[in-house]
Amino acid sequence: MNLAIFDLDHTLLLGDCDMAWARFLVEQGLYGPEHYQKRLAYYQDYQKGCLNMPEYLAFQLATLAAFSPETLANLHEAYMTAEILPMICPTALSLVALHQRAQDVVMVITATNTFLAWPIVAHFGIDHLIGVDAEQDAQGYYTGRYVGEPSFSLGKVKRLKAWLAERGQSLQDFERVYFYSDSHNDLPLLQQVTHPVVVNPDARLQKVAQQQGWPIFSFGHRQTQASACR
């Protein structure tokens with residue numbers, strides 16, 4: 001049995017779904033332009049490898065705490081249509097389907113919160129997701145806080161191993177473990193798997209991949225956030 005793990009942003013998607021969420025909220029008139037600019041600054045820190053993850057998550061999850069569950073559901077439906085469906089790459093869909101036909105265990109590991117990520121992952125027909133778990137109160141309202149270890153950088157390795165342990169498994173139980181990613185922030189997990197594959201890589205990851213002889217795929221063109229700002 002094989003395990004196929006996909007990153008979400010710039011891998012399955014030709015863009016960043018959380019950047020798209022920030023842009024969508026601004027375009028809906030729910031936040032001012034400064035909200036998108038602040039999110040862009042966090043993205044630039046992410047690219048440089050110096051993102052303050054707790055600070056970023058407080059910013060990200062505040063957008064969930066600002067609305068009722070019903071409003072969020074309606075917003076997400078419109079966001080999927082306006083922002084996400086145009087970012088879905090047919091090549092990525094085909095690759096996921098290839099692993100599914102091979103009866104591999106297919107999952108997504110992302111630093112995005114699961115509220116945003118689950119409907120996107122479901123669109124690909126993927127049943128397993130590890131993402132940032134946003135805390136909810138007894139009535140289902142988001143609190144603006146997160147629960148557990150954020151699935152970012154080394155946290156992806158820790159969360160994956162914990163997920164497998166809950167199933168009575170480890171990475172060694174799989175004949176092949178694939179991980180598809182675009183970012184140098186994912187090097188801790190890329191270095192753990194038997195088959196690392198880089199997709200639309202950033203410059204730092206591309207250099208490592210070339211040095212290591214890892215496969216490099218291009219699913220369309222890597223979207224820069226400057227060009228994504230409409």
# chains A, B, ... in the order shown; residues from 1 in each chain; ligands from 1
call {"tool": "closest_atom_pairs", "arguments": {"of": "segment 9-43 of chain A", "to": "segment 195-204 of chain A", "cutoff": "9 Å", "atoms": "only C-alpha atoms", "output": "JSON lines"}}
result
{"residue": "A:His10", "atom": "CA", "partner": "A:Asn200", "partner_atom": "CA", "distance": 6.6}
{"residue": "A:Thr11", "atom": "CA", "partner": "A:Val199", "partner_atom": "CA", "distance": 5.8}
{"residue": "A:Leu12", "atom": "CA", "partner": "A:Val199", "partner_atom": "CA", "distance": 8.9}
{"residue": "A:Leu14", "atom": "CA", "partner": "A:Asn200", "partner_atom": "CA", "distance": 8.7}
call {"tool": "write_last_selection", "arguments": {"atoms": "C-alpha atoms", "output": "short mmCIF file (atom, residue, chain, number, x, y, z; two decimals), in the first residue's frame"}}
result
data_model
loop_
_atom_site.label_atom_id
_atom_site.label_comp_id
_atom_site.auth_asym_id
_atom_site.auth_seq_id
_atom_site.Cartn_x
_atom_site.Cartn_y
_atom_site.Cartn_z
CA HIS A 10 0.35 26.19 -5.31
CA THR A 11 0.21 22.39 -5.55
CA LEU A 12 -3.38 21.22 -5.98
CA LEU A 14 -2.71 27.36 -8.80
#
call {"tool": "closest_residue", "arguments": {"among": "A:Gln206, A:Gln136, A:Ser68, A:Asn2", "to": "Leu171 of chain A", "atoms": "only C-alpha atoms"}}
result
A:Asn2
call {"tool": "select_by_dssp", "arguments": {"residues": "segment 155-228 of chain A", "states": "strand (DSSP E or B)", "output": "PDB file with C-alpha atoms, in the first residue's frame"}}
result
ATOM      1  CA  ARG A 176       5.921   4.199  -1.037  1.00  0.00           C
ATOM      2  CA  VAL A 177       5.137   7.560   0.537  1.00  0.00           C
ATOM      3  CA  TYR A 178       4.734  10.444  -1.907  1.00  0.00           C
ATOM      4  CA  PHE A 179       4.613  14.090  -0.884  1.00  0.00           C
ATOM      5  CA  TYR A 180       3.850  16.784  -3.437  1.00  0.00           C
ATOM      6  CA  SER A 181       4.691  20.353  -2.412  1.00  0.00           C
ATOM      7  CA  HIS A 195       9.163   9.830  -2.960  1.00  0.00           C
ATOM      8  CA  PRO A 196       9.386  13.626  -2.601  1.00  0.00           C
ATOM      9  CA  VAL A 197       7.982  15.496  -5.594  1.00  0.00           C
ATOM     10  CA  VAL A 198       8.099  19.263  -5.992  1.00  0.00           C
ATOM     11  CA  VAL A 199       5.333  21.065  -7.851  1.00  0.00           C
ATOM     12  CA  ILE A 216       9.990  18.669 -10.475  1.00  0.00           C
ATOM     13  CA  PHE A 217       6.486  19.082 -11.907  1.00  0.00           C
TER      14      PHE A 217
END
call {"tool": "closest_residue", "arguments": {"among": "A:Phe174, A:Trp163, A:Tyr36, A:Phe124", "to": "Ile88 of chain A", "atoms": "only C-alpha atoms"}}
result
A:Phe124
call {"tool": "residues_around", "arguments": {"residues": "Leu61 of chain A", "least_positions_apart": "3", "cutoff": "7 Å", "atoms": "only C-alpha atoms", "output": "list in words"}}
result
Leu57, Ala58, Leu64, Ala65, Gly144 and Arg145 of chain A
call {"tool": "closest_residue", "arguments": {"among": "A:Ile84, A:Val147, A:Met107, A:Ile5", "to": "Pro54 of chain A", "atoms": "only C-alpha atoms"}}
result
A:Val147
call {"tool": "select_by_dssp", "arguments": {"residues": "chain A", "states": "alpha helix (DSSP H)", "output": "NGL selection string"}}
result
:A and (17-27 or 33-48 or 53-65 or 69-79 or 90-101 or 114-123 or 154-166 or 187-190 or 203-212 or 225-228)
call {"tool": "closest_residue", "arguments": {"among": "A:Ser153, A:Gln44, A:Thr91, A:Gln210", "to": "Ile109 of chain A", "atoms": "only C-alpha atoms"}}
result
A:Ser153
call {"tool": "residues_around", "arguments": {"residues": "Met1 of chain A", "least_positions_apart": "4", "cutoff": "9 Å", "atoms": "only C-alpha atoms", "output": "number ranges by chain"}}
result
A: 103-105, 173-176
call {"tool": "write_last_selection", "arguments": {"atoms": "N, CA and C atoms", "output": "short mmCIF file (atom, residue, chain, number, x, y, z; two decimals), in the first residue's frame"}}
result
data_model
loop_
_atom_site.label_atom_id
_atom_site.label_comp_id
_atom_site.auth_asym_id
_atom_site.auth_seq_id
_atom_site.Cartn_x
_atom_site.Cartn_y
_atom_site.Cartn_z
N GLN A 103 -5.50 2.76 -5.64
CA GLN A 103 -5.94 2.44 -4.28
C GLN A 103 -4.92 2.87 -3.22
N ASP A 104 -4.19 3.94 -3.53
CA ASP A 104 -3.32 4.54 -2.53
C ASP A 104 -4.17 5.30 -1.51
N VAL A 105 -3.65 5.44 -0.31
CA VAL A 105 -4.25 6.35 0.66
C VAL A 105 -3.87 7.76 0.24
N ASP A 173 5.02 1.55 7.30
CA ASP A 173 4.03 0.55 6.89
C ASP A 173 3.66 0.67 5.42
N PHE A 174 4.10 1.74 4.77
CA PHE A 174 3.76 1.96 3.37
C PHE A 174 4.96 1.65 2.48
N GLU A 175 4.67 1.00 1.35
CA GLU A 175 5.75 0.69 0.40
C GLU A 175 6.35 1.98 -0.16
N ARG A 176 5.48 2.91 -0.52
CA ARG A 176 5.92 4.20 -1.04
C ARG A 176 5.12 5.30 -0.36
#
call {"tool": "residues_around", "arguments": {"residues": "segment 133-135 of chain A", "least_positions_apart": "3", "cutoff": "9 Å", "atoms": "only C-alpha atoms", "output": "PyMOL selection string"}}
result
chain A and resi 61+64+112-115+130+140-151
